[in-house]
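Peer 1: I have a structure here, written as structure tokens, and I will follow up with some questions on it.
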Amino acid sequence: LYGIPSHGDHWNCHSLKSYHKGVEIGMKEIEKVYKNRMSMFDLLKGFAIFIVVFWHTYDYWNGNPALIGVQIPLNLIWLGLMPAFLLASGYWFKPKPVKSYTKSQISSLMKPYAFVGIMAAGCCAVINFLRFHTLRSAYGGARGIVLGFLTGSQNVYTIKGRIICNLGPAWFLFTLCWAGIILNLIMKSSKIKYKKTVIGILLVIGIILERAPWLPLCPCGVLEAVFTLYCGYCLKESKFLIRKWYMKDYVILTVLVILGYIVGIGIMFAGGSQSYIARIVPGIPHAVVYMRIALHLEHIQNRFTDFVRKLGRYSLWIFVVHSIEVLSFDWHLLSEREIFMQNPVLGLIVIFAIRVCVIFTGCFIVAKIDKFLLRRTKHGIF
């Protein structure tokens with residue numbers, strides 16, 4: 001594809017010209033192939049959704065010395081995972097008429113959001129009733145989920161140990177939907193001359209709102225996601241991902257990753273571990289690296305990569321079912337069993353295997369209502 005001379009060729013002037021011409025043609029072919037394809041980041045999405053499920057299982061033993069060999073690489077991978085989701089969404093963003101785009105966003109993301117809320121509340125009520133045999137316990141569990149989805153609460157809000165609002169992983173659906181709508185409104189508005197400035201101001205407002213203990217409608221998450229989506233949009237416009245990288249590109253990206261670690265770790269030690277800046281400064285360079293690696297691996301065709309691509313294509317189904325099971329069942333009941341407390345590795349493997357079985361069973365059920373509930377879109381991550 002890239003016209004790289006074989007080892008037997010001499011690196012003369014003609015070979016170098018052929019090589020650079022091949023690189024240019026190869027990149028143009030990649031750009032042509034992916035111009036209207038939704039599958040460009042299927043490998044990335046498949047790998048990412050796997051890590052999301054694994055992370056939410058590992059989190060029950062987070063910090064356990066027995067899992068230090070898993071913790072370090074997993075934390076490094078997780079650092080750029082959510083930015084990669086949003087950058088991939090922003091990469092396919094294209095300003096469209098406000099009315100039609102808003103309708104499309106709500107249809108493709110808020111329907112699954114509502115479905116998660118209804119199913120999670122119902123499943124949680126049934127499970128709690130079977131556990132405690134009282135309607136009060138069933139109502140108490142479902143109430144927090146219902147209020148969380150109605151208010152769009154990004155964080156779990158508790159009063160005296162009782163969960164009042166709980167949105168679980170579904171906050172991402174809410175955030176992605178409204179961040180895309182706001183970004184499209186800004187990009188399509190002829191009255192807004194300084195669009196980058198407006199997006200920057202919204203980012204600052206979102207960071208300031210992080211200080212509030214609880215706010216409805218995920219304002220900080222939505223406003224911060226607008227900036228990340230715009231970064232993905234700029235990434236596509238610059239063609240940075242699909243063009244040939246030179247040594248200076250690798251150097252710049254390496255420096256950004258290192259600086260990102262320094263800034264992020266510094267903010268965390270200062271008590272701002274949940275700050276958007278602490279997460280996104282090192283996260284965006286990592287996300288760009290993940291996206292570039294995914295494109296380089298796109299030519300690999302085997303059973304494993306085909307399976308990962310399939311996970312990516314059905315990532316919305318997996319995310320919906322995963323959100324339901326996270327909200328419905330308290331997995332701490334299993335992780336705190338004595339056998340798993342003594343052997344965290346065994347607990348991690350067993351509970352992750354159970355979750356995978358639950359998710360695949362749920363996806364099979366969700367597939368039956370696919371036409372009503374879910375559809376693939378080329379402007380969103382799923």
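Each chain of the structure tokens is named A, B, ... in the order shown, its residues numbered from 1; ligands are numbered from 1 in display order.
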Find the spatial neighbours of Lys96 of chain A, counting only C-alpha atoms, within a cut-off of 10 Å - ignore same-chain residues fewer than 6 positions away - and output them as a ChimeraX atom specification.

Peer 2: /A:102,184-185,187-188

Peer 1: So that I can check the surroundings of segment 42-54 of chain A, please list as a ChimeraX atom specification every protein, DNA and RNA residue that reaches within 9 Å of it, counting only C-alpha atoms and ignoring chain neighbours fewer than 5 positions away.

Peer 2: /A:59,74,77-78,81-82,84-85,88,290-291,293-295,297-298,305-315,318-319,322,348,352,355-356,381-382

Peer 1: Report, in Å to a single decimal, how far apart atom CA of Tyr113 of chain A and atom CA of Leu173 of chain A are.

Peer 2: 6.2 Å

Peer 1: Could you pull out all residues of segment 233-353 of chain A with a DSSP call of helix (DSSP H, G or I) and give them as a ChimeraX atom specification?

Peer 2: /A:233-238,247-269,276-296,303-313,315-328,332-335,338-342,344-353

Peer 1: Neighbours of Thr175 of chain A within 8 Å (only C-alpha atoms; same-chain residues fewer than 4 positions away dropped), as a ChimeraX atom specification?

Peer 2: /A:171,179,218,221-222,225

Peer 1: Write out, as a PDB file, in the first residue's frame, the residues just selected, with C-alpha atoms.

Peer 2:
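Listed below is the output, selection.pdb:
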ATOM      1  CA  TRP A 171     -24.077   9.919  31.823  1.00  0.00           C
ATOM      2  CA  ALA A 179     -22.544  18.309  23.617  1.00  0.00           C
ATOM      3  CA  CYS A 218     -24.512  17.344  33.604  1.00  0.00           C
ATOM      4  CA  GLY A 221     -19.596  17.252  31.573  1.00  0.00           C
ATOM      5  CA  VAL A 222     -21.562  18.577  28.582  1.00  0.00           C
ATOM      6  CA  ALA A 225     -17.335  17.456  26.043  1.00  0.00           C
TER       7      ALA A 225
END

Peer 1: For Asn62 of chain A, please output as a ChimeraX atom specification all residues within 12 Å (counting only C-alpha atoms; exclusion window: fewer than 2 positions along the same chain).

Peer 2: /A:54-60,64-72,74-75,335,344-345,348

Peer 1: Which one of A:Ile181, A:Ile205, A:Ile145, A:Leu79 sits closest to Gly264 of chain A if you count only C-alpha atoms?

Peer 2: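 So, comparing all the options, the nearest one is A:Leu79.
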
Peer 1: Contacts of segment 123-127 of chain A at 9 Å or less, counting only C-alpha atoms, minus same-chain residues fewer than 5 places along, as a PyMOL selection string?

Peer 2: chain A and resi 118+132+135+137-143+145+324-325+327-329

Peer 1: So, counting only C-alpha atoms, which residue among A:Phe41, A:Phe93, A:Trp331, A:Phe149 is closest to Leu235 of chain A?

Peer 2: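 Residue with the minimum atom-to-atom distance to Leu235 of chain A: A:Phe93.
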
Peer 1: One decimal, Å: what's the distance from atom CA of Ser108 of chain A over to atom CA of Leu316 of chain A, could you say?

Peer 2: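 Computing the Euclidean distance for atom CA of Ser108 of chain A and atom CA of Leu316 of chain A yields 9.9 Å.
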
Peer 1: Please report as CSV every residue of segment 215-257 of chain A lying within 12 Å of segment 192-197 of chain A, along with the nearest atom pair and their distance in Å (one decimal), using only C-alpha atoms.

Peer 2:
residue,atom,partner,partner_atom,distance
A:Val226,CA,A:Lys196,CA,11.0
A:Phe227,CA,A:Lys196,CA,9.1
A:Tyr230,CA,A:Lys196,CA,8.9
A:Cys231,CA,A:Lys196,CA,10.5
A:Cys234,CA,A:Lys196,CA,10.8

Peer 1: Measure the distance from atom CA of Asn343 of chain A to atom CA of Val321 of chain A in Å and round it to one decimal.

Peer 2: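 Distance between the two atoms: 27.9 Å.
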
Peer 1: Can you pull out every residue within 8 Å of segment 152-161 of chain A, counting only C-alpha atoms, but drop anything in the same chain fewer than 4 positions away, and send it as number ranges by chain?

Peer 2: A: 148, 165-168, 171, 174, 214-218, 221

Peer 1: If we count only C-alpha atoms and set the cut-off at 10 Å, which residues sit around Leu253 of chain A, ignoring sequence neighbours fewer than 5 positions away in its own chain? Please answer as number ranges by chain.

Peer 2: A: 248, 258-259, 285-286, 288-289
